[in-house]
>>> print(open('data_9.csv').read())   # CSV, C-alpha atoms
chain,number,residue,atom,x,y,z
N,1,MET,CA,0.1,0.0,-5.4
N,2,SER,CA,-2.1,-2.3,-3.4
N,3,GLY,CA,-3.6,-4.4,-6.2
N,4,VAL,CA,-5.7,-3.3,-9.2
N,5,ALA,CA,-8.7,-1.5,-7.9
N,6,THR,CA,-10.7,-1.4,-11.1
N,7,LEU,CA,-10.8,-5.2,-11.8
N,8,GLY,CA,-13.7,-7.3,-10.7
N,9,PRO,CA,-13.4,-10.8,-9.2
N,10,ARG,CA,-13.6,-12.8,-12.4
N,11,PRO,CA,-11.0,-10.9,-14.5
N,12,MET,CA,-8.6,-10.8,-11.6
N,13,ARG,CA,-7.3,-14.3,-12.1
N,14,HIS,CA,-6.8,-13.8,-15.8
N,15,PHE,CA,-5.0,-10.6,-15.0
N,16,ILE,CA,-2.6,-12.4,-12.7
N,17,VAL,CA,-1.9,-15.1,-15.3
N,18,ARG,CA,-1.0,-12.4,-17.9
N,19,LEU,CA,1.1,-10.7,-15.3
N,20,LEU,CA,3.0,-13.9,-14.6
N,21,ALA,CA,3.6,-14.4,-18.3
N,22,VAL,CA,5.2,-11.0,-18.5
N,23,GLY,CA,7.2,-12.0,-15.4
N,24,MET,CA,8.5,-15.0,-17.2
N,25,LEU,CA,9.8,-12.8,-20.0
N,26,LEU,CA,11.4,-10.4,-17.5
N,27,HIS,CA,13.2,-13.3,-15.7
N,28,ALA,CA,14.5,-14.4,-19.2
N,29,TYR,CA,15.7,-10.8,-19.8
N,30,VAL,CA,17.7,-10.8,-16.6
N,31,ALA,CA,19.1,-14.2,-17.3
N,32,PHE,CA,20.2,-13.2,-20.8
N,33,ARG,CA,21.7,-9.9,-19.9
N,34,LEU,CA,23.3,-10.7,-16.5
N,35,LEU,CA,24.3,-14.3,-16.2
N,36,PRO,CA,26.8,-14.5,-19.1
N,37,ASP,CA,28.8,-11.6,-17.6
N,38,LEU,CA,29.1,-12.9,-14.0
N,39,PRO,CA,32.6,-13.8,-12.8
N,40,GLY,CA,33.1,-17.6,-12.8
N,41,ARG,CA,30.0,-18.0,-15.0
N,42,ALA,CA,30.7,-21.7,-15.5
N,43,LEU,CA,29.4,-22.1,-12.0
N,44,TRP,CA,27.5,-19.0,-11.1
N,45,GLY,CA,25.7,-18.9,-14.5
N,46,TRP,CA,24.0,-22.3,-13.9
N,47,LEU,CA,23.3,-21.4,-10.2
N,48,GLY,CA,21.8,-18.1,-11.3
N,49,LEU,CA,19.7,-19.7,-13.9
N,50,ALA,CA,18.3,-22.2,-11.3
N,51,ALA,CA,17.7,-19.3,-8.9
N,52,LEU,CA,15.8,-17.3,-11.5
N,53,ALA,CA,13.7,-20.3,-12.5
N,54,ALA,CA,12.9,-21.0,-8.8
N,55,SER,CA,12.1,-17.3,-8.4
N,56,TRP,CA,9.4,-17.3,-11.1
N,57,VAL,CA,7.9,-20.5,-9.8
N,58,LEU,CA,7.7,-19.2,-6.2
N,59,ILE,CA,6.2,-15.9,-7.3
N,60,ALA,CA,3.6,-17.7,-9.4
N,61,ARG,CA,2.6,-19.9,-6.5
N,62,ALA,CA,2.4,-17.0,-4.1
N,63,PHE,CA,0.0,-15.0,-6.4
N,64,LEU,CA,-2.2,-17.9,-7.5
N,65,ARG,CA,-2.6,-19.5,-4.1
N,66,GLN,CA,-2.5,-16.7,-1.5
N,67,ARG,CA,-6.3,-16.5,-1.0
N,68,SER,CA,-7.2,-20.1,-1.9
N,69,ARG,CA,-5.1,-21.8,0.8
N,70,THR,CA,-4.5,-21.1,4.4
N,71,GLY,CA,-2.2,-22.7,7.0
N,72,ARG,CA,1.5,-22.8,7.7
N,73,ALA,CA,2.5,-24.4,4.5
N,74,ALA,CA,0.6,-21.9,2.4
N,75,ASP,CA,2.0,-19.0,4.5
N,76,ALA,CA,5.6,-20.4,4.0
N,77,LEU,CA,5.0,-20.5,0.2
N,78,SER,CA,3.7,-17.0,0.3
N,79,TRP,CA,6.7,-15.8,2.3
N,80,ALA,CA,9.1,-17.5,-0.2
N,81,GLY,CA,7.3,-16.1,-3.2
N,82,PHE,CA,7.0,-12.6,-2.0
N,83,LEU,CA,10.6,-12.5,-0.8
N,84,ALA,CA,11.5,-13.7,-4.3
N,85,LEU,CA,9.3,-11.0,-5.9
N,86,GLY,CA,11.0,-8.2,-3.9
N,87,ALA,CA,14.5,-9.5,-4.7
N,88,PHE,CA,13.7,-9.9,-8.4
N,89,SER,CA,12.2,-6.4,-8.5
N,90,SER,CA,15.5,-4.9,-7.4
N,91,LEU,CA,17.5,-7.3,-9.7
N,92,LEU,CA,15.4,-6.3,-12.7
N,93,VAL,CA,15.7,-2.5,-12.0
N,94,LEU,CA,19.4,-2.7,-11.5
N,95,THR,CA,19.9,-4.9,-14.5
N,96,ALA,CA,18.1,-2.3,-16.7
N,97,ALA,CA,20.2,0.5,-15.1
N,98,ARG,CA,23.4,-1.5,-15.8
N,99,ASP,CA,22.3,-2.0,-19.5
N,100,ALA,CA,21.7,1.8,-19.8
N,101,ALA,CA,25.1,2.6,-18.3
N,102,LEU,CA,26.9,0.1,-20.4
N,103,LEU,CA,25.2,1.5,-23.5
N,104,LEU,CA,26.3,5.0,-22.7
N,105,ALA,CA,29.9,3.8,-22.0
N,106,TRP,CA,30.0,1.9,-25.3
N,107,LEU,CA,28.8,4.9,-27.2
N,108,ALA,CA,31.4,7.1,-25.5
N,109,ARG,CA,34.2,4.6,-26.4
N,110,LEU,CA,32.9,4.4,-29.9
N,111,ALA,CA,33.0,8.1,-30.3
N,112,ALA,CA,36.5,8.1,-28.9
N,113,GLY,CA,37.6,5.4,-31.3
N,114,ALA,CA,38.3,2.9,-28.5
N,115,GLY,CA,37.5,-0.8,-28.6
N,116,PRO,CA,34.8,-2.9,-27.1
N,117,LEU,CA,34.0,-2.6,-23.4
N,118,PRO,CA,36.7,-4.2,-21.3
N,119,GLY,CA,35.8,-7.6,-19.8
N,120,PRO,CA,36.3,-6.4,-16.2
N,121,TRP,CA,33.7,-3.7,-16.7
N,122,LEU,CA,31.1,-6.3,-17.6
N,123,GLU,CA,32.1,-8.7,-14.8
N,124,ASN,CA,32.3,-6.1,-12.1
N,125,SER,CA,29.0,-4.4,-13.1
N,126,ALA,CA,27.2,-7.8,-13.2
N,127,ALA,CA,28.5,-8.7,-9.7
N,128,ALA,CA,27.5,-5.2,-8.5
N,129,VAL,CA,23.9,-5.7,-9.7
N,130,VAL,CA,23.6,-9.0,-7.7
N,131,ALA,CA,25.2,-7.4,-4.6
N,132,GLY,CA,23.0,-4.3,-4.9
N,133,ALA,CA,19.8,-6.3,-5.2
N,134,ALA,CA,20.7,-8.4,-2.1
N,135,LEU,CA,21.4,-5.3,0.0
N,136,ALA,CA,18.3,-3.5,-1.2
N,137,SER,CA,16.2,-6.6,-0.3
N,138,LEU,CA,17.7,-6.9,3.2
N,139,ALA,CA,17.2,-3.2,3.9
N,140,GLY,CA,13.7,-3.3,2.5
N,141,LEU,CA,12.9,-6.4,4.7
N,142,TYR,CA,13.9,-4.4,7.8
N,143,GLY,CA,11.9,-1.4,6.7
N,144,ALA,CA,8.8,-3.5,6.2
N,145,ARG,CA,8.9,-5.8,9.2
N,146,ARG,CA,9.6,-3.1,11.9
N,147,ARG,CA,6.5,-1.7,13.5
N,148,ALA,CA,5.3,1.4,11.6
N,149,PRO,CA,6.5,4.5,13.4
N,150,VAL,CA,4.1,7.3,14.3
N,151,ARG,CA,4.1,10.3,12.0
N,152,ARG,CA,2.5,13.5,13.4
N,153,VAL,CA,0.9,15.9,10.9
N,154,ASP,CA,-0.8,19.3,11.6
N,155,VAL,CA,-3.7,20.1,9.3
N,156,ALA,CA,-4.8,23.8,9.2
N,157,LEU,CA,-8.5,24.2,8.3
N,158,ALA,CA,-10.2,27.5,7.7
N,159,GLY,CA,-13.1,28.1,10.0
N,160,LEU,CA,-12.3,25.4,12.4
N,161,PRO,CA,-14.4,26.0,15.5
N,162,ALA,CA,-12.4,26.6,18.7
N,163,ALA,CA,-14.1,23.5,20.2
N,164,PHE,CA,-12.2,21.3,17.7
N,165,GLU,CA,-8.8,23.0,18.0
N,166,GLY,CA,-6.3,20.3,18.5
N,167,PHE,CA,-8.8,17.5,17.6
N,168,THR,CA,-6.7,14.4,16.7
N,169,ILE,CA,-7.3,11.5,14.3
N,170,ALA,CA,-5.1,8.4,14.4
N,171,GLN,CA,-5.0,6.9,10.9
N,172,VAL,CA,-4.2,3.3,10.1
N,173,SER,CA,-4.2,2.3,6.5
N,174,ASP,CA,-3.2,-0.7,4.4
N,175,LEU,CA,-2.4,-2.9,7.2
N,176,HIS,CA,-2.8,-6.0,5.0
N,177,VAL,CA,-3.1,-8.7,7.6
N,178,GLY,CA,-2.6,-11.8,5.5
N,179,PRO,CA,0.0,-14.3,4.5
N,180,THR,CA,3.0,-12.5,6.0
N,181,ILE,CA,1.4,-10.0,8.5
N,182,LYS,CA,-0.2,-11.7,11.4
N,183,ARG,CA,-1.6,-11.1,14.9
N,184,GLY,CA,1.6,-10.0,16.5
N,185,TYR,CA,2.1,-7.1,14.1
N,186,ALA,CA,-1.6,-6.1,14.4
N,187,GLN,CA,-1.3,-6.1,18.2
N,188,ALA,CA,1.8,-3.9,18.1
N,189,VAL,CA,0.0,-1.4,15.9
N,190,VAL,CA,-3.0,-1.4,18.2
N,191,ASP,CA,-0.8,-0.7,21.2
N,192,ALA,CA,0.9,2.1,19.5
N,193,VAL,CA,-2.3,3.7,18.4
N,194,ASN,CA,-3.9,3.5,21.8
N,195,ARG,CA,-0.9,5.2,23.4
N,196,LEU,CA,-1.7,8.2,21.2
N,197,GLY,CA,-5.0,8.8,23.0
N,198,ALA,CA,-6.6,10.1,19.8
N,199,ASP,CA,-10.1,11.6,19.6
N,200,VAL,CA,-10.9,9.3,16.6
N,201,VAL,CA,-9.3,6.3,15.0
N,202,ALA,CA,-9.7,6.1,11.2
N,203,LEU,CA,-9.0,2.9,9.4
N,204,THR,CA,-8.8,3.8,5.7
N,205,GLY,CA,-9.1,0.4,4.0
N,206,ASP,CA,-7.1,-2.6,2.9
N,207,LEU,CA,-6.9,-4.0,6.4
N,208,VAL,CA,-6.9,-7.6,5.2
N,209,ASP,CA,-5.6,-10.0,2.5
N,210,GLY,CA,-7.7,-13.1,2.9
N,211,THR,CA,-10.9,-14.5,4.1
N,212,VAL,CA,-12.6,-14.0,7.5
N,213,ALA,CA,-12.3,-17.8,8.1
N,214,GLY,CA,-8.6,-17.7,7.6
N,215,LEU,CA,-7.7,-14.4,9.3
N,216,ALA,CA,-10.2,-13.6,12.0
N,217,PRO,CA,-7.8,-14.5,14.9
N,218,HIS,CA,-5.1,-12.3,13.4
N,219,VAL,CA,-7.5,-9.3,13.0
N,220,GLU,CA,-9.0,-9.7,16.4
N,221,PRO,CA,-6.5,-7.3,18.1
N,222,LEU,CA,-8.3,-4.4,16.2
N,223,SER,CA,-11.2,-4.9,18.6
N,224,ARG,CA,-9.0,-3.3,21.3
N,225,LEU,CA,-8.6,0.0,19.4
N,226,ARG,CA,-9.8,2.9,21.6
N,227,ALA,CA,-10.6,6.6,20.9
N,228,ARG,CA,-12.7,9.2,22.6
N,229,HIS,CA,-15.2,9.5,19.8
N,230,GLY,CA,-15.0,6.0,18.3
N,231,VAL,CA,-13.2,3.8,15.7
N,232,TYR,CA,-14.3,4.3,12.1
N,233,ALA,CA,-13.4,2.2,9.0
N,234,VAL,CA,-14.0,2.2,5.2
N,235,THR,CA,-13.4,-0.6,2.7
N,236,GLY,CA,-10.5,-0.8,0.4
N,237,ASN,CA,-10.0,-2.8,-2.8
N,238,HIS,CA,-8.5,-5.7,-0.9
N,239,GLU,CA,-11.6,-6.1,1.2
N,240,TYR,CA,-13.5,-6.7,-2.0
N,241,TYR,CA,-10.9,-9.2,-3.2
N,242,SER,CA,-11.4,-11.1,0.1
N,243,GLY,CA,-15.2,-10.9,0.6
N,244,ALA,CA,-16.3,-7.5,1.5
N,245,ALA,CA,-19.7,-8.4,3.0
N,246,GLU,CA,-18.1,-10.9,5.4
N,247,TRP,CA,-15.4,-8.4,6.4
N,248,VAL,CA,-17.8,-5.5,7.0
N,249,ALA,CA,-19.8,-7.8,9.3
N,250,GLU,CA,-16.6,-8.8,11.1
N,251,PHE,CA,-15.4,-5.3,11.4
N,252,ARG,CA,-18.7,-4.3,13.0
N,253,ARG,CA,-18.4,-7.3,15.3
N,254,LEU,CA,-15.0,-6.0,16.4
N,255,GLY,CA,-16.5,-2.6,17.4
N,256,MET,CA,-15.8,-0.5,14.3
N,257,GLN,CA,-18.3,1.9,12.8
N,258,VAL,CA,-18.0,1.0,9.0
N,259,LEU,CA,-18.9,4.0,6.9
N,260,LEU,CA,-20.3,2.8,3.6
N,261,ASN,CA,-21.3,6.0,1.8
N,262,ARG,CA,-22.6,7.5,5.0
N,263,HIS,CA,-21.5,9.8,7.8
N,264,GLU,CA,-21.5,10.3,11.6
N,265,VAL,CA,-21.7,13.7,13.4
N,266,ILE,CA,-19.3,14.5,16.3
N,267,ARG,CA,-20.4,17.4,18.5
N,268,ARG,CA,-18.6,19.5,21.0
N,269,GLY,CA,-21.0,21.9,22.5
N,270,GLU,CA,-22.6,23.8,19.7
N,271,ALA,CA,-19.9,22.9,17.2
N,272,ALA,CA,-20.3,19.9,14.8
N,273,LEU,CA,-17.8,17.9,12.8
N,274,VAL,CA,-19.0,15.5,10.1
N,275,LEU,CA,-17.0,12.3,9.6
N,276,ALA,CA,-18.0,10.6,6.4
N,277,GLY,CA,-16.8,7.5,4.6
N,278,VAL,CA,-17.2,5.9,1.2
N,279,THR,CA,-16.8,2.5,-0.3
N,280,ASP,CA,-13.6,1.8,-2.3
N,281,TYR,CA,-13.3,3.7,-5.6
N,282,GLY,CA,-13.6,0.4,-7.5
N,283,ALA,CA,-16.3,-1.2,-5.4
N,284,GLU,CA,-18.9,-0.9,-8.1
N,285,ALA,CA,-17.0,-3.6,-10.1
N,286,PHE,CA,-17.8,-6.1,-7.4
N,287,ASP,CA,-21.3,-4.8,-6.4
N,288,PRO,CA,-23.1,-2.1,-8.4
N,289,ARG,CA,-25.0,-1.2,-5.3
N,290,GLN,CA,-21.8,-0.1,-3.6
N,291,ARG,CA,-20.6,2.5,-6.0
N,292,SER,CA,-18.4,5.0,-4.2
N,293,ASP,CA,-20.3,8.2,-3.7
N,294,PRO,CA,-18.8,11.1,-1.6
N,295,ALA,CA,-21.8,13.3,-2.2
N,296,ALA,CA,-24.3,10.7,-1.0
N,297,ALA,CA,-22.2,10.1,2.1
N,298,LEU,CA,-23.1,13.7,3.2
N,299,ALA,CA,-26.9,13.2,2.8
N,300,GLY,CA,-28.7,14.6,5.8
N,301,ALA,CA,-25.5,16.1,7.3
N,302,PRO,CA,-26.2,19.2,9.5
N,303,ALA,CA,-25.8,22.4,7.5
N,304,ASP,CA,-24.0,24.1,10.5
N,305,ALA,CA,-21.1,21.6,10.5
N,306,ALA,CA,-18.0,23.7,10.0
N,307,VAL,CA,-15.8,20.7,9.3
N,308,ARG,CA,-16.5,17.8,6.8
N,309,ILE,CA,-13.9,15.0,6.7
N,310,LEU,CA,-14.0,12.1,4.3
N,311,LEU,CA,-12.4,8.7,4.7
N,312,ALA,CA,-11.8,7.3,1.2
N,313,HIS,CA,-9.3,4.5,0.5
N,314,GLN,CA,-8.0,5.8,-2.8
N,315,PRO,CA,-6.7,9.4,-3.3
N,316,ARG,CA,-8.5,9.7,-6.6
N,317,SER,CA,-11.8,9.9,-4.7
N,318,ALA,CA,-10.8,13.5,-4.1
N,319,ARG,CA,-12.0,14.5,-7.6
N,320,ALA,CA,-15.6,13.8,-6.4
N,321,ALA,CA,-15.0,14.9,-2.8
N,322,ALA,CA,-13.8,18.4,-3.6
N,323,PRO,CA,-17.1,19.6,-5.3
N,324,ALA,CA,-19.1,17.8,-2.6
N,325,GLY,CA,-17.8,20.3,-0.1
N,326,TYR,CA,-15.4,18.3,2.1
N,327,HIS,CA,-12.5,20.1,3.8
N,328,LEU,CA,-10.2,17.1,4.4
N,329,GLN,CA,-9.9,13.6,2.9
N,330,LEU,CA,-7.8,10.8,4.5
N,331,SER,CA,-6.7,8.1,2.1
N,332,GLY,CA,-4.1,5.3,1.7
N,333,HIS,CA,-3.8,2.7,-1.1
N,334,THR,CA,-0.6,3.9,-2.7
N,335,HIS,CA,1.8,2.7,0.1
N,336,GLY,CA,3.9,5.7,-1.1
N,337,GLY,CA,5.2,3.3,-3.8
N,338,GLN,CA,6.4,0.9,-1.1
N,339,PHE,CA,9.9,0.6,-2.5
N,340,LEU,CA,12.0,2.3,-5.2
N,341,PRO,CA,11.5,2.9,-8.0
N,342,TRP,CA,7.8,2.2,-8.0
N,343,ASN,CA,6.9,5.3,-6.1
N,344,PHE,CA,7.5,7.2,-9.4
N,345,PHE,CA,4.8,5.2,-11.1
N,346,VAL,CA,2.0,5.8,-8.6
N,347,ARG,CA,1.0,9.1,-10.3
N,348,MET,CA,0.0,7.2,-13.4
N,349,GLN,CA,-3.1,6.0,-11.4
N,350,GLN,CA,-3.5,8.4,-8.4
N,351,PRO,CA,-3.3,12.2,-8.2
N,352,PHE,CA,-1.1,12.0,-5.0
N,353,THR,CA,1.5,9.5,-3.8
N,354,ALA,CA,2.0,10.4,-0.1
N,355,GLY,CA,1.6,13.3,2.4
N,356,LEU,CA,-0.6,16.3,2.5
N,357,HIS,CA,-1.9,17.9,-0.7
N,358,ARG,CA,-4.5,20.3,-1.8
N,359,LEU,CA,-7.2,20.0,-4.5
N,360,GLY,CA,-9.1,23.3,-4.7
N,361,GLY,CA,-10.6,23.8,-1.3
N,362,LEU,CA,-10.0,20.2,-0.3
N,363,GLN,CA,-6.9,19.0,1.6
N,364,VAL,CA,-5.9,15.4,1.0
N,365,TYR,CA,-3.7,13.4,3.3
N,366,VAL,CA,-2.3,10.1,1.8
N,367,SER,CA,-0.8,7.6,4.2
N,368,ARG,CA,2.1,5.5,3.1
N,369,GLY,CA,0.4,2.6,4.8
N,370,THR,CA,0.9,0.8,8.1
N,371,GLY,CA,1.7,-2.6,6.7
N,372,TYR,CA,2.7,-3.6,3.2
N,373,TRP,CA,1.4,-5.7,0.3
N,374,GLY,CA,3.1,-8.5,-1.4
N,375,PRO,CA,6.9,-8.3,-1.0
N,376,PRO,CA,7.9,-7.7,2.7
N,377,LYS,CA,9.9,-4.7,1.4
N,378,ARG,CA,9.9,-1.0,2.1
N,379,LEU,CA,12.7,1.1,0.7
N,380,GLY,CA,12.4,4.9,0.3
N,381,ALA,CA,8.7,4.8,1.4
N,382,PRO,CA,8.5,4.1,5.2
N,383,SER,CA,5.3,2.8,6.7
N,384,GLU,CA,3.4,5.0,9.2
N,385,ILE,CA,0.8,5.3,11.8
N,386,THR,CA,-0.4,8.8,11.3
N,387,LEU,CA,-1.6,11.2,14.0
N,388,LEU,CA,-3.3,14.2,12.4
N,389,ARG,CA,-4.1,17.2,14.5
N,390,LEU,CA,-6.6,19.8,13.4
N,391,THR,CA,-5.7,23.5,13.8
N,392,ALA,CA,-7.4,26.7,12.8
N,393,ALA,CA,-5.8,28.2,9.6
N,394,ARG,CA,-4.4,31.7,10.3
>>> encode(input="data_9.csv", output="structure tokens")
Amino acid sequence: MSGVATLGPRPMRHFIVRLLAVGMLLHAYVAFRLLPDLPGRALWGWLGLAALAASWVLIARAFLRQRSRTGRAADALSWAGFLALGAFSSLLVLTAARDAALLLAWLARLAAGAGPLPGPWLENSAAAVVAGAALASLAGLYGARRRAPVRRVDVALAGLPAAFEGFTIAQVSDLHVGPTIKRGYAQAVVDAVNRLGADVVALTGDLVDGTVAGLAPHVEPLSRLRARHGVYAVTGNHEYYSGAAEWVAEFRRLGMQVLLNRHEVIRRGEAALVLAGVTDYGAEAFDPRQRSDPAAALAGAPADAAVRILLAHQPRSARAAAPAGYHLQLSGHTHGGQFLPWNFFVRMQQPFTAGLHRLGGLQVYVSRGTGYWGPPKRLGAPSEITLLRLTAAR
């Protein structure tokens, strides 16, 4: 969901341009299928055409300028463009659903020997699409802009030492501080995490959408994250879009331990827990030296460690983590689809969409994300701050 992880920096702009060309065609489809059937189309048809044209222009400006410009004007354009993208997404989906329903109704009337679809059916269904898109956008805006609630998850691990029974990890993922998520939201997340009193805080990538120069003041609240055994972070694809080397240095300056294909050992008495982290699954496209490698992250780990946990931004890292001998992987990236119906398409790229899953002997927890990317819209995929508690499997 959060960007296209396999693209390097140079193809990214070309990809966005192609995506916007497709967007223009989709705007034309909605105009052709919806506007002629709106009640009072002499007025609303022209207004709708103007709104759709403005929608495409705003979306294009938001995508093409969100990292090249900073400041209030640029943020305002991003807000307008991403709001337009969220609204158009619902409008497109509902228009396609309306067309499918009208086709079925027309076929049923044809089979019954009835005439064409009545005019009121066309007018009322077109008006319902517009109203439904507006309601979905408003509900999604509320879902995105509220502070992510805490979700508590128990993870049962075989062979968990008694010393680590009840060990807690507060996971923050996909915060996406950037054009529409600023310091205030980041501070609210930090306050909520600190109230949990976790043993470890795990930041599983995509914390930012922009440069260090533009966003450092808004990311600064993360320096106040607290946990008994430290705050750990890994890179996501958006760190690489935004200058990963600069952000890794900034994260370290803020007090995080950034795990780039390496691990740390947490001991309680004689028992040991290995906490490892890898670079983003697609990092190699930006820097061949940063190829994500779960096996390498365990190099030198103590053989007596009964628990091995991996922080990996993308769930598909699990295919390499499982044979490497990890017991639990914490990921994000998918946003749980962020809003309907896109959650149904996540599985085209990732093995898991959200929640706790198993791949062989490895359990994988996928956060729906603590912020959002692009449209300020969450519908059917609520954001979360996750508190994972380790328990012994019985």
>>> closest_residue(input="data_9.csv", among="N:Leu259, N:Leu64, N:Leu135, N:Ala188", to="Val17 (chain N)", atoms="all atoms listed in the file")
N:Leu64
>>> residues_near_point(input="data_9.csv", point="(26.9, -16.2, -16.0)", cutoff="12 Å", atoms="all atoms listed in the file", output="PyMOL selection string")
chain N and resi 30-50+122-123+126-127+130
>>> residues_around(input="data_9.csv", residues="Leu91 (chain N)", least_positions_apart="5", cutoff="10 Å", atoms="only C-alpha atoms", output="short mmCIF file (atom, residue, chain, number, x, y, z; two decimals) with C-alpha atoms, keeping the file's coordinate frame")
data_model
loop_
_atom_site.label_atom_id
_atom_site.label_comp_id
_atom_site.auth_asym_id
_atom_site.auth_seq_id
_atom_site.Cartn_x
_atom_site.Cartn_y
_atom_site.Cartn_z
CA HIS N 27 13.20 -13.30 -15.70
CA VAL N 30 17.70 -10.80 -16.60
CA LEU N 34 23.30 -10.70 -16.50
CA LEU N 85 9.30 -11.00 -5.90
CA GLY N 86 11.00 -8.20 -3.90
CA ALA N 96 18.10 -2.30 -16.70
CA ALA N 97 20.20 0.50 -15.10
CA VAL N 129 23.90 -5.70 -9.70
CA VAL N 130 23.60 -9.00 -7.70
CA ALA N 131 25.20 -7.40 -4.60
CA GLY N 132 23.00 -4.30 -4.90
CA ALA N 133 19.80 -6.30 -5.20
CA ALA N 134 20.70 -8.40 -2.10
CA ALA N 136 18.30 -3.50 -1.20
CA SER N 137 16.20 -6.60 -0.30
#
>>> residues_around(input="data_9.csv", residues="Glu165 (chain N)", least_positions_apart="3", cutoff="10 Å", atoms="all atoms listed in the file", output="PyMOL selection string")
chain N and resi 156-157+160-162+168+389-392
>>> residues_around(input="data_9.csv", residues="Leu102 (chain N)", least_positions_apart="3", cutoff="10 Å", atoms="only C-alpha atoms", output="list of chain:residue names")
N:Ala96, N:Ala97, N:Arg98, N:Asp99, N:Ala105, N:Trp106, N:Leu107, N:Ala108, N:Leu117, N:Trp121, N:Leu122, N:Ser125
>>> residues_around(input="data_9.csv", residues="Leu215 (chain N)", least_positions_apart="4", cutoff="10 Å", atoms="all atoms listed in the file", output="ChimeraX atom specification")
/N:70,177-179,182-183,208-211,219-220
>>> closest_atom_pairs(input="data_9.csv", of="region 113-194 of chain N", to="region 351-363 of chain N", cutoff="12 Å", atoms="only C-alpha atoms", output="Markdown table")
| residue | atom | partner | partner_atom | distance |
| --- | --- | --- | --- | --- |
| N:Arg151 | CA | N:Gly355 | CA | 10.4 |
| N:Arg152 | CA | N:Gly355 | CA | 11.0 |
| N:Val153 | CA | N:Leu356 | CA | 8.5 |
| N:Asp154 | CA | N:Leu356 | CA | 9.6 |
| N:Val155 | CA | N:Leu356 | CA | 8.4 |
| N:Ala156 | CA | N:Gln363 | CA | 9.2 |
| N:Leu157 | CA | N:Gln363 | CA | 8.6 |
| N:Ala158 | CA | N:Gly361 | CA | 9.7 |
>>> closest_residue(input="data_9.csv", among="N:Gly300, N:Pro221, N:Pro323, N:Pro149", to="His263 (chain N)", atoms="only C-alpha atoms")
N:Gly300
>>> closest_residue(input="data_9.csv", among="N:Leu104, N:Thr204, N:Gly166, N:Thr235", to="Ala393 (chain N)", atoms="only C-alpha atoms")
N:Gly166
>>> atom_distance(input="data_9.csv", atom1="CA of Glu284 (chain N)", atom2="CA of Ala244 (chain N)")
11.9 Å
>>> atom_distance(input="data_9.csv", atom1="CA of Glu250 (chain N)", atom2="CA of Glu264 (chain N)")
19.7 Å
>>> residues_near_point(input="data_9.csv", point="(-3.4, 10.7, 24.7)", cutoff="12 Å", atoms="only C-alpha atoms", output="list in words")
Gly166, Phe167, Thr168, Ile169, Ala170, Ala192, Val193, Asn194, Arg195, Leu196, Gly197, Ala198, Asp199, Val200, Arg226, Ala227, Arg228 and Leu387 of chain N
>>> closest_residue(input="data_9.csv", among="N:Phe344, N:Phe88, N:Phe251, N:Tyr241", to="Leu203 (chain N)", atoms="all atoms listed in the file")
N:Phe251
>>> atom_distance(input="data_9.csv", atom1="CA of Leu92 (chain N)", atom2="CA of Pro315 (chain N)")
28.7 Å
>>> closest_residue(input="data_9.csv", among="N:Ala148, N:Val278, N:Ala213, N:Met348", to="Ala186 (chain N)", atoms="only C-alpha atoms")
N:Ala148
>>> closest_residue(input="data_9.csv", among="N:Leu83, N:Ala112, N:Ala100, N:Ala301", to="Trp373 (chain N)", atoms="all atoms listed in the file")
N:Leu83
>>> residues_around(input="data_9.csv", residues="Met256 (chain N)", least_positions_apart="6", cutoff="9 Å", atoms="only C-alpha atoms", output="NGL selection string")
:N and (222-223 or 225 or 230-233 or 250)
>>> write_last_selection(input="data_9.csv", atoms="C-alpha atoms", output="PDB file, in the frame of the given file")
ATOM      1  CA  LEU N 222      -8.300  -4.400  16.200  1.00  0.00           C
ATOM      2  CA  SER N 223     -11.200  -4.900  18.600  1.00  0.00           C
ATOM      3  CA  LEU N 225      -8.600   0.000  19.400  1.00  0.00           C
ATOM      4  CA  GLY N 230     -15.000   6.000  18.300  1.00  0.00           C
ATOM      5  CA  VAL N 231     -13.200   3.800  15.700  1.00  0.00           C
ATOM      6  CA  TYR N 232     -14.300   4.300  12.100  1.00  0.00           C
ATOM      7  CA  ALA N 233     -13.400   2.200   9.000  1.00  0.00           C
ATOM      8  CA  GLU N 250     -16.600  -8.800  11.100  1.00  0.00           C
TER       9      GLU N 250
END
>>> axis_aligned_box(input="data_9.csv", around="region 52-63 of chain N", padding_each_side="6 Å", output="JSON")
{"center_x": 7.9, "center_y": -18.0, "center_z": -8.3, "size_x": 27.8, "size_y": 18.0, "size_z": 20.4}
>>> build_atoms(input="data_9.csv", residues="region 366-370 of chain N", atoms="N, CA and C atoms", output="short mmCIF file (atom, residue, chain, number, x, y, z; two decimals), in the frame of the given file")
data_model
loop_
_atom_site.label_atom_id
_atom_site.label_comp_id
_atom_site.auth_asym_id
_atom_site.auth_seq_id
_atom_site.Cartn_x
_atom_site.Cartn_y
_atom_site.Cartn_z
N VAL N 366 -2.49 11.50 2.28
CA VAL N 366 -2.30 10.10 1.80
C VAL N 366 -1.27 9.43 2.66
N SER N 367 -1.71 8.42 3.38
CA SER N 367 -0.80 7.60 4.20
C SER N 367 0.03 6.69 3.34
N ARG N 368 1.28 6.47 3.74
CA ARG N 368 2.10 5.50 3.10
C ARG N 368 1.75 4.05 3.46
N GLY N 369 0.82 3.92 4.39
CA GLY N 369 0.40 2.60 4.80
C GLY N 369 1.08 2.14 6.08
N THR N 370 0.36 1.32 6.83
CA THR N 370 0.90 0.80 8.10
C THR N 370 1.49 -0.54 8.01
#
